[in-house]
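Data block below; observations after.
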Amino acid sequence: MKIEKKIKQLVVLAALSGLGMQLQAQHKKIWASGMARSIFQQNKITTEGDTVTPVITNSGHALVDLTLNASPNENTYLNAMVRVRNDFGGFWGSGVTFDLRQLYLKGLIKNAVRYQLGDINYKLTPFTFYSNSEEFSGQQNAILDVFRQTVHQDWFYTKDNTWRQQGAALDFSLAFNNKFIQGADVDLFSTRVHPTDFAKQSERFFYGGRTTFYHKDKLRFGLNYVELADIKGTANISNWFKNSVVTGIVDGELKKARHDYGFKSEFGSSKMSIAGGTDAGDIRDYFFKVGAHMTLAKRNVALHANYINVGPGFRSVGAQSKRVNFEAMNLLYGRYMNAQNVRAITSLDMAQDASLYRNNFNPDLDNFLPWFDNIRPYGEATPNRKGLDIKVVYSTESKKVQLSGNLLVQSEVVGQGIESLRQFTGSKVDLNVDMAKILGWKKRDFTLSASHGLQRTSRSSDIVQSNIDLSSSVADIGLQWEFAQDFDLILTYRNLTGKGNEYWNQRNELTQIVDFKPLTVDLKETILMAGIRYRFSDKNQIQALWQKMNWSDKAGTLQPFSMEQIAIVYILNF
């Protein structure tokens, strides 16, 4: 089997090389791009009374993502990416792997219709098709961002929250000779989520699209539709799954002098069903979101305010699937102590352990950790939530100081288990200070950053056992100082806490709540990080990093531990 795999890899490489030579011979446009990185880590875990777990481990790899870009004609573009990876410790090719990571073709038909086949990055709205960022991804932390970027590269996560899927996409625009409607955009897509195994798993597709109409570039309204469905008869089973979501949008913009005003709204419904078999049934519900935004350019202030109401039975697999699988085991020290207990997932693991992530959809509502995010674990599409979401962004004229704040005041739509509703409050503040500009430095960078987030969940009733009070916080303080030309000193401190009690929802095949599991937590996680970075150029850098984490949960059964890490990270984009 290994020999067959090597032959297939060589065939792929030969085919790509042949395509390149053919295009070059025809004097067509062809070029190469890509990314290279090398990471070495030495990790150490310390726990009291542990005589089984290896104290120190070393790991690392070097890899190159080589992308062949080809344009055989002005209306066609081909992209093929091959990854060559060598894990440190593999000699004479024994540790080398070859993977075709990306392959797609896109082009233009009659200068009117755009298409893409193969791998596609796609999204619609936060309630239909959207890859919500993982917890803490927006925290101010330069060192953890280095590792987080490698995870995002490996899983094709993008800043605009698209999902990586395989299939086809088509889009085109229409123009109308109408006083009310000037034009329309149409987007269609279809992806294959997973193939059938002809036994227990049906062929499953995810497809949909949107149509958006415009009125003088000021008013926008349209429809979105997505559906995840099993293809009946493709497996030897008696039941099949379907989830469909339809939404409407109405947006408006008004620009006046140096001020911008606007409103956004989305509303719709969903249906999740299992047909056939003993688990047959369906669940339906609604949502709506209305919001307004205002930008005062003269005062460098932007204000966003939204009211969201999402029913408890609203299900949208394309928007509610989480990036992180909290049921997975950490790759680094997944088990520890003499009893080989499963180690808890920490914010440090989330930043650098790619094995915890995924890019496939989960028809079930994914599990989450309440002390990380208990208000909107599934983004804006989190079911059984209603309330306000307010955000303010401010910066000085010269960008010396940038400040943003976010406030969430929400509650449940209906009670779970009892009539009393959970109440949620959350706040987050981010501060970035360009000390170099304040001090008048023109040849050196010096930046201070800080971030602090708070969340609280509470519920009170006459039944004492159902009362809830859970609080969590995360704070980051960071410094980046260019102490010599192209040399940066980076320091960061993080403190994360979670304390109180909650209930984990237990759900059936239709994601309906059937039971509750009590949770009590008194958790504390601290991380101290330091690093030195040398920038060869804007696309090429090397960093030497050190970090130490202490973790404990006084209310749990897991033993406290500390982890220390030394890492060297080299990154080149070309």
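Every chain in the structure tokens has a letter given in the order shown (A, B, ...), and although residue numbers restart at 1 in each chain, ligands are simply numbered from 1 in the order shown.
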Which region 85-154 of chain A residues have any atom within 12 Å of an atom of region 512-527 of chain A, and for each, what is the nearest pair of atoms with distance in Å to one decimal, counting only C-alpha atoms, rows sorted by chain and number, as JSON lines?
{"residue": "A:Asn141", "atom": "CA", "partner": "A:Ile527", "partner_atom": "CA", "distance": 10.9}
{"residue": "A:Ile143", "atom": "CA", "partner": "A:Ile527", "partner_atom": "CA", "distance": 11.0}
{"residue": "A:Leu144", "atom": "CA", "partner": "A:Ile527", "partner_atom": "CA", "distance": 10.3}
Residue list (strand (DSSP E or B), DSSP) for region 47-242 of chain A, as JSON, numbers by chain: {"A": [56, 57, 58, 59, 60, 61, 62, 63, 64, 65, 66, 67, 68, 69, 70, 71, 72, 73, 76, 77, 78, 79, 80, 81, 82, 83, 84, 85, 86, 87, 96, 97, 98, 99, 100, 101, 102, 103, 104, 105, 106, 107, 108, 109, 113, 114, 115, 116, 117, 118, 119, 120, 121, 122, 163, 164, 165, 166, 167, 168, 169, 170, 171, 172, 173, 174, 175, 183, 184, 185, 186, 187, 188, 189, 190, 191, 192, 193, 194, 204, 205, 206, 207, 208, 209, 210, 211, 212, 213, 214, 215, 219, 220, 221, 222, 223, 224, 225, 226, 227, 228, 229, 230, 240, 241, 242]}
How close does region 303-414 of chain A get to region 184-206 of chain A? List, as a Markdown table, each residue of region 303-414 of chain A within 10 Å, its nearest atom pair and the distance in Å to one decimal, counting only C-alpha atoms.
| residue | atom | partner | partner_atom | distance |
| --- | --- | --- | --- | --- |
| A:Val317 | CA | A:Phe206 | CA | 9.7 |
| A:Gly318 | CA | A:Phe206 | CA | 8.4 |
| A:Asn360 | CA | A:Val193 | CA | 7.2 |
| A:Phe361 | CA | A:Val193 | CA | 7.6 |
Residue neighbourhood Asp366 (chain A), 10 Å, only C-alpha atoms, exclusion window fewer than 6 positions, as a PyMOL selection string: chain A and resi 317+320-327+377-378+511
Residues near region 162-173 of chain A, cut-off 10 Å, only C-alpha atoms, skip fewer than 3 positions along chain, as a PyMOL selection string: chain A and resi 102-109+111-125+129-133+155-159+183-194+205-213+318-319+323+359-361
Could you turn the residues from that selection into a file that holds C-alpha atoms, as a compact mmCIF listing (two decimals), in the first residue's frame?
# COMPACT_ATOMS: atom_id res chain seq x y z
CA GLN A 102 -5.46 22.12 -3.17
CA LEU A 103 -6.72 21.87 -6.72
CA TYR A 104 -9.24 24.09 -8.44
CA LEU A 105 -10.08 25.63 -11.77
CA LYS A 106 -11.92 28.89 -12.24
CA GLY A 107 -12.77 31.06 -15.18
CA LEU A 108 -15.13 33.33 -17.02
CA ILE A 109 -17.77 32.35 -19.58
CA ASN A 111 -17.29 37.70 -19.91
CA ALA A 112 -20.44 37.30 -17.84
CA VAL A 113 -20.53 34.10 -15.78
CA ARG A 114 -17.81 33.23 -13.27
CA TYR A 115 -17.28 29.62 -12.21
CA GLN A 116 -14.99 27.56 -9.97
CA LEU A 117 -14.56 23.78 -9.81
CA GLY A 118 -12.72 21.74 -7.19
CA ASP A 119 -11.70 23.27 -3.86
CA ILE A 120 -13.71 26.39 -3.02
CA ASN A 121 -13.77 28.84 -0.12
CA TYR A 122 -17.33 29.99 0.32
CA LYS A 123 -19.70 31.73 2.68
CA LEU A 124 -23.11 33.42 2.65
CA THR A 125 -24.36 34.94 5.93
CA PHE A 129 -23.11 29.39 5.62
CA TYR A 130 -20.33 30.86 7.79
CA SER A 131 -17.17 29.68 9.56
CA ASN A 132 -17.22 31.36 12.97
CA SER A 133 -13.78 32.15 14.39
CA TRP A 155 -7.19 24.10 7.69
CA PHE A 156 -7.71 26.86 5.08
CA TYR A 157 -9.40 29.20 7.56
CA THR A 158 -9.62 32.74 6.24
CA LYS A 159 -10.14 36.17 7.78
CA GLY A 183 -29.13 45.20 -10.76
CA ALA A 184 -28.83 41.80 -9.13
CA ASP A 185 -26.10 39.36 -8.16
CA VAL A 186 -26.71 35.61 -8.27
CA ASP A 187 -24.48 33.08 -6.48
CA LEU A 188 -24.95 29.29 -6.65
CA PHE A 189 -22.87 26.48 -5.17
CA SER A 190 -22.94 22.74 -4.55
CA THR A 191 -20.44 20.76 -2.47
CA ARG A 192 -20.02 17.10 -1.61
CA VAL A 193 -19.76 16.86 2.18
CA HIS A 194 -18.90 13.16 2.25
CA PHE A 205 -24.39 17.18 -0.31
CA PHE A 206 -24.54 20.81 0.79
CA TYR A 207 -25.90 23.26 -1.76
CA GLY A 208 -27.66 26.57 -2.10
CA GLY A 209 -27.18 30.14 -3.18
CA ARG A 210 -28.40 33.69 -2.95
CA THR A 211 -29.94 36.39 -5.08
CA THR A 212 -29.30 40.00 -4.12
CA PHE A 213 -31.04 43.00 -5.69
CA GLY A 318 -23.42 25.45 7.75
CA ALA A 319 -23.37 28.27 10.31
CA ARG A 323 -14.00 24.80 14.05
CA ASN A 359 -13.49 21.81 8.36
CA ASN A 360 -16.39 19.36 8.01
CA PHE A 361 -19.97 20.01 9.06
Exercise: region 256-260 of chain A partners within 8 Å, only C-alpha atoms, chain neighbours under 6 positions left out, as a ChimeraX atom specification: /A:294-298
Take the selection from the previous step and output its residues with C-alpha atoms, as a PDB file, in the first residue's frame.
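out_10.pdb, written as the output of this step:
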ATOM      1  CA  MET A 294     -22.841  54.800  12.115  1.00  0.00           C
ATOM      2  CA  THR A 295     -19.364  56.037  11.242  1.00  0.00           C
ATOM      3  CA  LEU A 296     -18.295  59.550  12.245  1.00  0.00           C
ATOM      4  CA  ALA A 297     -15.122  59.945  10.225  1.00  0.00           C
ATOM      5  CA  LYS A 298     -14.417  63.397  11.647  1.00  0.00           C
TER       6      LYS A 298
END
Compile a residue-level contact table for region 364-449 of chain A against region 494-498 of chain A at a cut-off of 9 Å, reporting for every qualifying residue the shortest atom pair and its distance in Å to one decimal, with only C-alpha atoms counted, rows ordered by chain and ascending number, as CSV.
residue,atom,partner,partner_atom,distance
A:Pro370,CA,A:Gly498,CA,8.6
A:Trp371,CA,A:Gly498,CA,5.2
A:Phe372,CA,A:Gly498,CA,8.1
DSSP-assigned helix (DSSP H, G or I) members of region 248-443 of chain A, reported as an MDAnalysis selection string: chainID A and resid 317:320 347:352 354:356 379:381 435:439
Residues within 9 Å of region 456-470 of chain A, only C-alpha atoms, excluding chain neighbours under 6 positions, as a list in words: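 Contacts, with the query itself left out: Pro370, Trp371, Asn374, Ile375, Gly417, Ile418, Glu419, Ser420, Leu421, Arg422, Gln423, Phe424, Thr425, Gly426, Gly498, Lys499, Gly500, Asn501, Glu502, Tyr503, Thr520 and Val521 of chain A.
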Convert the current residue selection to file output with C-alpha atoms, as a compact mmCIF listing (two decimals), in the first residue's frame.
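Result written to part-v2.txt:
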# COMPACT_ATOMS: atom_id res chain seq x y z
CA PRO A 370 -18.84 27.25 28.82
CA TRP A 371 -15.91 28.98 30.52
CA ASN A 374 -21.20 30.55 27.03
CA ILE A 375 -23.09 33.40 25.35
CA GLY A 417 -35.93 22.53 32.09
CA ILE A 418 -37.73 25.31 33.97
CA GLU A 419 -39.54 28.52 33.03
CA SER A 420 -36.82 30.83 34.39
CA LEU A 421 -34.45 32.17 31.74
CA ARG A 422 -30.68 32.32 31.76
CA GLN A 423 -29.38 35.90 31.68
CA PHE A 424 -26.13 36.61 29.82
CA THR A 425 -23.83 39.63 30.00
CA GLY A 426 -20.54 39.93 28.21
CA GLY A 498 -13.78 30.37 35.09
CA LYS A 499 -15.78 29.93 38.27
CA GLY A 500 -19.28 28.82 39.16
CA ASN A 501 -21.84 26.28 38.04
CA GLU A 502 -23.77 25.51 34.86
CA TYR A 503 -25.57 22.62 33.12
CA THR A 520 -18.99 23.02 38.55
CA VAL A 521 -15.73 24.77 37.76
Surrounding residues of region 430-439 of chain A excluding itself and chain neighbours under 6 positions, 8 Å, only C-alpha atoms, as JSON, numbers by chain: {"A": [139, 140, 399, 400, 401, 402, 403, 404, 405, 445, 446, 447, 448, 449, 450, 451, 452]}
Using only C-alpha atoms, please write the residues we just selected to a file, as a short mmCIF file (atom, residue, chain, number, x, y, z; two decimals), in the first residue's frame.
data_model
loop_
_atom_site.label_atom_id
_atom_site.label_comp_id
_atom_site.auth_asym_id
_atom_site.auth_seq_id
_atom_site.Cartn_x
_atom_site.Cartn_y
_atom_site.Cartn_z
CA GLN A 139 -7.42 38.34 21.68
CA GLN A 140 -4.36 40.60 21.55
CA LYS A 399 -3.72 56.08 14.93
CA LYS A 400 -1.59 56.46 18.04
CA VAL A 401 -4.36 54.95 20.15
CA GLN A 402 -6.97 52.48 18.93
CA LEU A 403 -9.73 51.34 21.24
CA SER A 404 -12.71 49.06 20.71
CA GLY A 405 -15.40 47.80 23.05
CA ASP A 445 8.38 50.15 16.27
CA PHE A 446 7.08 50.02 19.85
CA THR A 447 3.53 48.83 20.54
CA LEU A 448 1.60 48.10 23.71
CA SER A 449 -1.62 46.09 23.56
CA ALA A 450 -4.19 44.88 26.04
CA SER A 451 -7.43 42.94 25.88
CA HIS A 452 -9.95 42.02 28.55
#
Interface rows for region 128-208 of chain A against region 331-352 of chain A: nearest pair, Å to one decimal, 12 Å, only C-alpha atoms, as JSON lines:
{"residue": "A:Ser133", "atom": "CA", "partner": "A:Met350", "partner_atom": "CA", "distance": 11.7}
{"residue": "A:Glu134", "atom": "CA", "partner": "A:Met350", "partner_atom": "CA", "distance": 8.3}
{"residue": "A:Glu135", "atom": "CA", "partner": "A:Met350", "partner_atom": "CA", "distance": 8.3}
{"residue": "A:Phe136", "atom": "CA", "partner": "A:Ser347", "partner_atom": "CA", "distance": 7.6}
{"residue": "A:Ser137", "atom": "CA", "partner": "A:Ala351", "partner_atom": "CA", "distance": 8.0}
{"residue": "A:Gly138", "atom": "CA", "partner": "A:Ala351", "partner_atom": "CA", "distance": 11.3}
{"residue": "A:Gln139", "atom": "CA", "partner": "A:Ser347", "partner_atom": "CA", "distance": 10.9}
{"residue": "A:Asn141", "atom": "CA", "partner": "A:Ala351", "partner_atom": "CA", "distance": 10.3}
{"residue": "A:Ala142", "atom": "CA", "partner": "A:Ala351", "partner_atom": "CA", "distance": 11.3}
{"residue": "A:Ile143", "atom": "CA", "partner": "A:Ala351", "partner_atom": "CA", "distance": 9.8}
{"residue": "A:Leu144", "atom": "CA", "partner": "A:Ala351", "partner_atom": "CA", "distance": 6.0}
{"residue": "A:Asp145", "atom": "CA", "partner": "A:Ala351", "partner_atom": "CA", "distance": 7.3}
{"residue": "A:Val146", "atom": "CA", "partner": "A:Gln352", "partner_atom": "CA", "distance": 8.6}
{"residue": "A:Phe147", "atom": "CA", "partner": "A:Gln352", "partner_atom": "CA", "distance": 4.9}
{"residue": "A:Arg148", "atom": "CA", "partner": "A:Ala351", "partner_atom": "CA", "distance": 4.8}
{"residue": "A:Gln149", "atom": "CA", "partner": "A:Ala351", "partner_atom": "CA", "distance": 8.6}
{"residue": "A:Thr150", "atom": "CA", "partner": "A:Gln352", "partner_atom": "CA", "distance": 7.7}
{"residue": "A:Val151", "atom": "CA", "partner": "A:Gln352", "partner_atom": "CA", "distance": 6.4}
{"residue": "A:His152", "atom": "CA", "partner": "A:Ala351", "partner_atom": "CA", "distance": 9.7}
{"residue": "A:Gln153", "atom": "CA", "partner": "A:Gln352", "partner_atom": "CA", "distance": 11.6}
{"residue": "A:Asp154", "atom": "CA", "partner": "A:Gln352", "partner_atom": "CA", "distance": 11.0}
Given the selection you just returned, output its residues as a file containing N, CA and C atoms, formatted as a short mmCIF file (atom, residue, chain, number, x, y, z; two decimals), in the first residue's frame.
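Result written to part.cif:
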data_model
loop_
_atom_site.label_atom_id
_atom_site.label_comp_id
_atom_site.auth_asym_id
_atom_site.auth_seq_id
_atom_site.Cartn_x
_atom_site.Cartn_y
_atom_site.Cartn_z
N SER A 133 -15.13 32.23 13.83
CA SER A 133 -13.78 32.15 14.39
C SER A 133 -13.81 31.42 15.73
N GLU A 134 -12.75 30.70 16.02
CA GLU A 134 -12.67 29.96 17.27
C GLU A 134 -12.52 30.92 18.46
N GLU A 135 -12.79 30.41 19.65
CA GLU A 135 -12.70 31.22 20.85
C GLU A 135 -11.29 31.80 21.02
N PHE A 136 -11.21 33.03 21.47
CA PHE A 136 -9.97 33.78 21.75
C PHE A 136 -9.17 34.13 20.50
N SER A 137 -9.70 33.89 19.32
CA SER A 137 -8.94 34.21 18.11
C SER A 137 -8.75 35.71 17.95
N GLY A 138 -9.59 36.51 18.61
CA GLY A 138 -9.46 37.96 18.50
C GLY A 138 -8.70 38.60 19.64
N GLN A 139 -8.17 37.77 20.57
CA GLN A 139 -7.42 38.34 21.68
C GLN A 139 -6.08 38.92 21.20
N ASN A 141 -2.60 38.94 21.16
CA ASN A 141 -1.53 38.05 21.58
C ASN A 141 -0.63 37.73 20.40
N ALA A 142 0.49 38.44 20.28
CA ALA A 142 1.35 38.31 19.11
C ALA A 142 2.03 36.95 19.03
N ILE A 143 2.41 36.37 20.17
CA ILE A 143 3.13 35.10 20.15
C ILE A 143 2.20 33.96 19.77
N LEU A 144 1.03 33.86 20.42
CA LEU A 144 0.10 32.79 20.07
C LEU A 144 -0.43 32.93 18.65
N ASP A 145 -0.45 34.16 18.13
CA ASP A 145 -0.90 34.36 16.76
C ASP A 145 0.02 33.67 15.76
N VAL A 146 1.30 33.54 16.08
CA VAL A 146 2.23 32.85 15.19
C VAL A 146 1.78 31.41 14.99
N PHE A 147 1.43 30.73 16.08
CA PHE A 147 0.97 29.35 15.99
C PHE A 147 -0.44 29.28 15.40
N ARG A 148 -1.28 30.23 15.77
CA ARG A 148 -2.65 30.22 15.26
C ARG A 148 -2.67 30.35 13.74
N GLN A 149 -1.76 31.15 13.20
CA GLN A 149 -1.70 31.32 11.75
C GLN A 149 -1.32 30.03 11.04
N THR A 150 -0.47 29.22 11.67
CA THR A 150 -0.12 27.93 11.07
C THR A 150 -1.32 26.99 11.08
N VAL A 151 -2.11 27.02 12.15
CA VAL A 151 -3.33 26.21 12.21
C VAL A 151 -4.30 26.66 11.12
N HIS A 152 -4.47 27.94 10.96
CA HIS A 152 -5.38 28.46 9.94
C HIS A 152 -4.91 28.09 8.54
N GLN A 153 -3.59 28.10 8.32
CA GLN A 153 -3.06 27.68 7.03
C GLN A 153 -3.37 26.21 6.77
N ASP A 154 -3.17 25.39 7.77
CA ASP A 154 -3.38 23.95 7.60
C ASP A 154 -4.83 23.61 7.30
#
Length of the CA of Lys179 (chain A) to CA of Tyr214 (chain A) vector [Å]: 10.8 Å
Near region 534-555 of chain A, 9 Å: region 409-502 of chain A residue rows, closest pairs, only C-alpha atoms, as a Markdown table:
| residue | atom | partner | partner_atom | distance |
| --- | --- | --- | --- | --- |
| A:Gln485 | CA | A:Tyr534 | CA | 8.9 |
| A:Asp486 | CA | A:Arg535 | CA | 5.2 |
| A:Phe487 | CA | A:Tyr534 | CA | 4.7 |
| A:Asp488 | CA | A:Tyr534 | CA | 6.5 |
| A:Ile490 | CA | A:Leu545 | CA | 8.9 |
| A:Gly498 | CA | A:Asp553 | CA | 8.9 |
| A:Lys499 | CA | A:Ala555 | CA | 8.7 |
Could the residues in this selection be written to a file with N, CA and C atoms, as a short mmCIF file (atom, residue, chain, number, x, y, z; two decimals), in the first residue's frame?
data_model
loop_
_atom_site.label_atom_id
_atom_site.label_comp_id
_atom_site.auth_asym_id
_atom_site.auth_seq_id
_atom_site.Cartn_x
_atom_site.Cartn_y
_atom_site.Cartn_z
N GLN A 485 17.40 47.21 14.54
CA GLN A 485 16.76 47.18 13.23
C GLN A 485 16.37 45.76 12.85
N ASP A 486 15.06 45.56 12.62
CA ASP A 486 14.46 44.28 12.22
C ASP A 486 14.45 43.24 13.32
N PHE A 487 14.91 43.56 14.53
CA PHE A 487 14.84 42.65 15.67
C PHE A 487 13.75 43.14 16.63
N ASP A 488 12.84 42.24 17.00
CA ASP A 488 11.73 42.60 17.88
C ASP A 488 11.76 41.74 19.14
N ILE A 490 9.20 40.46 22.03
CA ILE A 490 7.77 40.29 22.20
C ILE A 490 7.51 39.68 23.57
N GLY A 498 -12.39 30.78 35.21
CA GLY A 498 -13.78 30.37 35.09
C GLY A 498 -14.24 29.82 36.42
N LYS A 499 -15.34 30.35 36.94
CA LYS A 499 -15.78 29.93 38.27
C LYS A 499 -17.30 29.95 38.36
#
Which residue of A:Ile532, A:Ala292, A:Ala381, A:Ala32 approaches Pro126 (chain A) most closely, using only C-alpha atoms: A:Ala381
